[in-house]
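Chemist: Once you've had a glance at the structure underneath, I'll fire off some questions.
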Amino acid sequence: MKQEKLRKNILLVGSDSDLACNLIESIADNSDKLTTISRSSSNQHRSDNHFSVDLSRIDEVLEVCNKIKYFTYDIMIYFPAIFRPGPLKDCSENSIIEEINVNLTSAILLSRNIVPNMVKAKNGTLLYLGSSSSYFGFKNTSIYCSTKHGLLGFTRSLSEELRETGIKVSCISPGSINTKMSIPLHSDQNPKTFIDPIEISNLIMDLIYNTPKTMWQEEIIIKRRIYK
């Protein structure tokens with residue numbers, strides 16, 4: 001499908017993730033204005049307009065929120081996630097707080113500061129990366145599953161809240177993706193069934209540049225293929 005070369009103002013949160021690499025290159029090819037947020041400050045993970053933020057630290061998140069609220073974005077894409085599998089009894093208080101802050105709290109806070117200008121413009125798209133853990137509870141991932149369930153619930157509610165404004169909200173929930181974060185799963189899952197991150201990036205590109213006019217999915221579930 002041919003993509004329209006429409007210049008857009010895009011905020012990509014989590015630009016140091018494996019998923020973001022292909023997406024950043026594609027957005028650059030379209031000459032769109034890109035703002036990136038990540039913990040990393042390296043050139044390969046950032047745009048010319050970049051904020052280095054530790055999303056597990058709410059004070060840093062609130063600081064960047066005060067900056068981005070003055071800008072109007074056409075698109076926000078939220079990638080960040082911490083995945084620390086293990087029994088609940090082994091989770092430290094700090095690790096629990098960090099995982100919740102990165103996977104859920106920061107997504108909500110950033111959205112709260114972006115949405116008002118989208119509402120004024122009567123235009124905008126908010127895309128959040130969920131997981132199959134948004135729908136199911138898996139052993140030894142209670143904190144991760146809790147945050148992804150929360151992100152899905154936030155997306156569902158926000159999409160209804162903003163439906164009449166013309167702003168589109170969607171949670172993309174894939175199964176295991178072939179990234180560094182999935183390495184802990186290799187011992188009990190077949191990595192050959194994992195989803196190619198480029199395919200997720202291509203899906204997001206299509207949602208950005210070929211946005212449906214009358215049909216929109218608030219929830220997109222992507223299942224892994226069966227490998228024989």
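Starting from 1 in every chain, residues are counted up; chains themselves are A, B, ... following the order of the structure tokens, and ligands are numbered from 1 as listed.
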Contacts of Ser106 (chain A) at 10 Å or less, counting only C-alpha atoms, minus same-chain residues fewer than 6 places along, as a short mmCIF file (atom, residue, chain, number, x, y, z; two decimals) with N, CA and C atoms, in the first residue's frame?
Modeler:
```
data_model
loop_
_atom_site.label_atom_id
_atom_site.label_comp_id
_atom_site.auth_asym_id
_atom_site.auth_seq_id
_atom_site.Cartn_x
_atom_site.Cartn_y
_atom_site.Cartn_z
N VAL A 13 8.18 7.70 22.20
CA VAL A 13 8.70 7.46 23.54
C VAL A 13 9.26 6.05 23.60
N ASP A 54 14.73 9.17 32.45
CA ASP A 54 14.55 7.88 33.09
C ASP A 54 13.08 7.77 33.49
N LEU A 55 12.32 7.01 32.74
CA LEU A 55 10.88 6.94 32.95
C LEU A 55 10.49 6.24 34.25
N SER A 56 11.44 5.63 34.91
CA SER A 56 11.15 5.02 36.21
C SER A 56 11.17 6.06 37.32
N ARG A 57 11.67 7.26 37.01
CA ARG A 57 11.75 8.36 37.97
C ARG A 57 10.67 9.40 37.65
N ILE A 58 9.67 9.46 38.47
CA ILE A 58 8.52 10.32 38.18
C ILE A 58 8.91 11.79 38.18
N GLU A 60 11.60 13.06 36.89
CA GLU A 60 12.10 13.34 35.55
C GLU A 60 10.96 13.35 34.53
N VAL A 61 10.01 12.46 34.73
CA VAL A 61 8.85 12.41 33.81
C VAL A 61 8.04 13.70 33.90
N LEU A 62 7.80 14.18 35.10
CA LEU A 62 7.04 15.42 35.27
C LEU A 62 7.78 16.61 34.67
N CYS A 65 7.21 16.44 31.01
CA CYS A 65 5.80 16.74 30.76
C CYS A 65 5.57 18.25 30.68
N TYR A 78 4.03 5.02 22.26
CA TYR A 78 4.64 4.68 23.54
C TYR A 78 5.13 3.23 23.53
N PRO A 80 8.03 2.02 25.73
CA PRO A 80 8.83 1.53 26.85
C PRO A 80 8.17 0.42 27.67
N ILE A 100 6.24 -0.53 37.29
CA ILE A 100 4.94 0.13 37.16
C ILE A 100 5.10 1.53 36.55
N ARG A 112 -1.51 12.68 29.44
CA ARG A 112 -2.28 13.76 30.08
C ARG A 112 -1.80 15.13 29.60
#
```
Chemist: Excluding Lys67 (chain A) and residues on its chain fewer than 6 positions from it, collect all residues at most 12 Å away from it, counting only C-alpha atoms, and give them as an mmCIF file with C-alpha atoms, in the first residue's frame.
Modeler:
```cif
data_model
loop_
_atom_site.group_PDB
_atom_site.id
_atom_site.type_symbol
_atom_site.label_atom_id
_atom_site.label_comp_id
_atom_site.auth_asym_id
_atom_site.auth_seq_id
_atom_site.Cartn_x
_atom_site.Cartn_y
_atom_site.Cartn_z
ATOM 1 C CA THR A 35 10.704 14.172 18.919
ATOM 2 C CA ILE A 37 12.272 10.338 24.539
ATOM 3 C CA ASN A 49 14.757 17.099 19.290
ATOM 4 C CA HIS A 50 15.468 14.589 22.064
ATOM 5 C CA PHE A 51 14.783 14.318 25.789
ATOM 6 C CA GLU A 60 12.102 13.339 35.553
ATOM 7 C CA VAL A 61 8.850 12.407 33.813
ATOM 8 C CA LEU A 110 2.756 11.891 29.161
ATOM 9 C CA ASN A 113 0.013 16.545 28.882
ATOM 10 C CA ILE A 114 -0.342 15.801 25.156
#
```
Chemist: Hey, what's within 10 Å of Ser146 (chain A) if we count only C-alpha atoms and toss same-chain stuff fewer than 2 positions away? As an MDAnalysis selection string, please?
Modeler: chainID A and resid 99:100 103:104 133:137 141:144 148:151
Chemist: Can you write just those residues out, N, CA and C atoms, as a compact mmCIF listing (two decimals), in the first residue's frame?
Modeler:
```
# COMPACT_ATOMS: atom_id res chain seq x y z
N GLU A 99 9.01 -0.86 37.53
CA GLU A 99 8.28 -1.52 36.45
C GLU A 99 6.92 -0.87 36.22
N ILE A 100 6.24 -0.53 37.29
CA ILE A 100 4.94 0.13 37.16
C ILE A 100 5.10 1.53 36.55
N ASN A 103 6.11 1.08 32.68
CA ASN A 103 5.12 0.40 31.84
C ASN A 103 3.76 1.09 31.82
N LEU A 104 3.45 1.83 32.88
CA LEU A 104 2.09 2.37 32.97
C LEU A 104 2.03 3.84 33.38
N SER A 133 0.18 -10.16 27.46
CA SER A 133 0.01 -10.07 28.91
C SER A 133 -1.02 -9.03 29.30
N SER A 134 -1.53 -8.26 28.33
CA SER A 134 -2.64 -7.35 28.60
C SER A 134 -3.94 -8.12 28.79
N TYR A 135 -3.98 -9.36 28.31
CA TYR A 135 -5.20 -10.16 28.33
C TYR A 135 -5.10 -11.41 29.20
N PHE A 136 -3.87 -11.89 29.44
CA PHE A 136 -3.69 -13.14 30.16
C PHE A 136 -2.73 -12.95 31.32
N GLY A 137 -2.85 -13.80 32.33
CA GLY A 137 -1.91 -13.80 33.44
C GLY A 137 -0.95 -14.97 33.30
N THR A 141 5.14 -13.46 36.24
CA THR A 141 5.19 -12.14 35.60
C THR A 141 4.05 -11.26 36.14
N SER A 142 3.80 -11.36 37.44
CA SER A 142 2.62 -10.70 38.01
C SER A 142 2.68 -9.18 37.87
N ILE A 143 3.86 -8.58 38.03
CA ILE A 143 3.96 -7.13 37.94
C ILE A 143 3.81 -6.69 36.48
N TYR A 144 4.51 -7.37 35.58
CA TYR A 144 4.43 -7.05 34.16
C TYR A 144 2.99 -7.18 33.65
N LYS A 148 0.47 -4.25 32.09
CA LYS A 148 -0.06 -4.34 30.73
C LYS A 148 -1.59 -4.42 30.75
N HIS A 149 -2.16 -5.08 31.77
CA HIS A 149 -3.61 -5.01 31.94
C HIS A 149 -4.04 -3.56 32.18
N GLY A 150 -3.27 -2.85 33.00
CA GLY A 150 -3.58 -1.46 33.29
C GLY A 150 -3.49 -0.58 32.05
N LEU A 151 -2.47 -0.81 31.23
CA LEU A 151 -2.31 -0.01 30.01
C LEU A 151 -3.48 -0.25 29.05
```
Chemist: Could you name the residues that touch Asn9 (chain A) at 8 Å or less, counting only C-alpha atoms, but leaving out those on the same chain fewer than 3 positions away, as a list in words?
Modeler: Asp32, Lys33, Leu34, Thr35, Thr72, Tyr73, Asp74 and Ile75 of chain A
Chemist: Just to be explicit: take each residue in the selection above, keep C-alpha atoms, and write the result as a PDB file, in the first residue's frame.
Modeler:
```pdb
ATOM      1  CA  ASP A  32       8.431  14.224   9.411  1.00  0.00           C
ATOM      2  CA  LYS A  33       9.269  16.194  12.543  1.00  0.00           C
ATOM      3  CA  LEU A  34      10.275  13.672  15.185  1.00  0.00           C
ATOM      4  CA  THR A  35      10.704  14.172  18.919  1.00  0.00           C
ATOM      5  CA  THR A  72       1.012  19.911  19.497  1.00  0.00           C
ATOM      6  CA  TYR A  73       1.727  16.393  18.293  1.00  0.00           C
ATOM      7  CA  ASP A  74      -0.142  14.524  15.579  1.00  0.00           C
ATOM      8  CA  ILE A  75       1.093  11.163  16.845  1.00  0.00           C
TER       9      ILE A  75
END
```
Chemist: Where does DSSP see strand (DSSP E) in region 17-215 of chain A, if you list the residues as a list of chain:residue names?
Modeler: A:Lys33, A:Leu34, A:Thr35, A:Thr36, A:Ile37, A:Ser38, A:Asn49, A:His50, A:Phe51, A:Ser52, A:Ile75, A:Met76, A:Ile77, A:Tyr78, A:Thr125, A:Leu126, A:Leu127, A:Tyr128, A:Leu129, A:Lys168, A:Val169, A:Ser170, A:Cys171, A:Ile172, A:Ser173, A:Pro174
Chemist: Give the alpha helix (DSSP H) residues of region 86-213 of chain A, as assigned by DSSP on the backbone, as a PyMOL selection string.
Modeler: chain A and resi 93-100+106-121+142-162+197-209
Chemist: Quick one, how far is CA of Glu63 (chain A) from CA of Ile96 (chain A)?
Modeler: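 Spanning CA of Glu63 (chain A) to CA of Ile96 (chain A) is a straight-line distance of 22.2 Å.
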Chemist: Here is a test: counting only C-alpha atoms, which residue of A:Leu88, A:Ile24, A:Leu158, A:Ile222 is nearest to Ser131 (chain A)?
Modeler: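 Residue with the minimum atom-to-atom distance to Ser131 (chain A): A:Ile222.
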Chemist: Hey, can you check how far CA of Ile167 (chain A) sits from CA of Arg39 (chain A)?
Modeler: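 Between these atoms lies a distance of 28.0 Å.
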Chemist: Which value, in Å to one decimal, gives the distance between CA of Ser38 (chain A) and CA of Leu11 (chain A)?
Modeler: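 It comes out at 11.1 Å.
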Chemist: Within 12 Å of region 207-214 of chain A, counting only C-alpha atoms, which residues qualify if same-chain residues fewer than 3 places away don't, as a PyMOL selection string?
Modeler: chain A and resi 1-11+23+26-27+30+32+74-77+123-127+163+166-172+200-204+217-218+220
Chemist: Output C-alpha atoms for every residue in that selection, as a compact mmCIF listing (two decimals), in the first residue's frame.
Modeler:
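File again-v9.txt, as written:
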```txt
# COMPACT_ATOMS: atom_id res chain seq x y z
CA MET A 1 0.00 0.00 0.00
CA LYS A 2 1.45 3.37 -1.00
CA GLN A 3 2.10 5.71 1.90
CA GLU A 4 1.10 9.35 1.78
CA LYS A 5 3.99 11.76 2.23
CA LEU A 6 2.23 13.99 4.74
CA ARG A 7 4.45 15.85 7.17
CA LYS A 8 3.52 14.98 10.74
CA ASN A 9 4.69 15.99 14.20
CA ILE A 10 5.50 12.72 15.98
CA LEU A 11 6.51 11.97 19.57
CA LEU A 23 10.47 3.07 12.81
CA SER A 26 11.07 5.15 8.21
CA ILE A 27 9.86 8.38 9.82
CA ASN A 30 9.13 10.78 5.28
CA ASP A 32 8.43 14.22 9.41
CA ASP A 74 -0.14 14.52 15.58
CA ILE A 75 1.09 11.16 16.85
CA MET A 76 2.38 9.75 20.11
CA ILE A 77 3.85 6.25 20.17
CA ASN A 123 -6.79 15.59 15.49
CA GLY A 124 -4.33 13.09 16.85
CA THR A 125 -3.36 9.45 17.25
CA LEU A 126 -2.15 7.76 20.43
CA LEU A 127 -0.53 4.34 20.01
CA ARG A 163 -14.07 9.31 20.59
CA GLY A 166 -11.60 12.80 16.39
CA ILE A 167 -8.55 11.55 18.29
CA LYS A 168 -7.74 7.89 17.71
CA VAL A 169 -6.39 5.70 20.50
CA SER A 170 -5.15 2.14 20.14
CA CYS A 171 -3.32 -0.52 22.16
CA ILE A 172 -1.25 -2.89 19.99
CA ILE A 200 5.33 -4.36 14.23
CA SER A 201 7.07 -1.21 13.00
CA ASN A 202 5.50 -1.63 9.56
CA LEU A 203 2.05 -1.97 11.15
CA ILE A 204 2.58 1.26 13.10
CA GLN A 217 -9.49 -0.60 16.10
CA GLU A 218 -8.90 0.42 19.72
CA ILE A 220 -5.03 -4.79 17.93
```
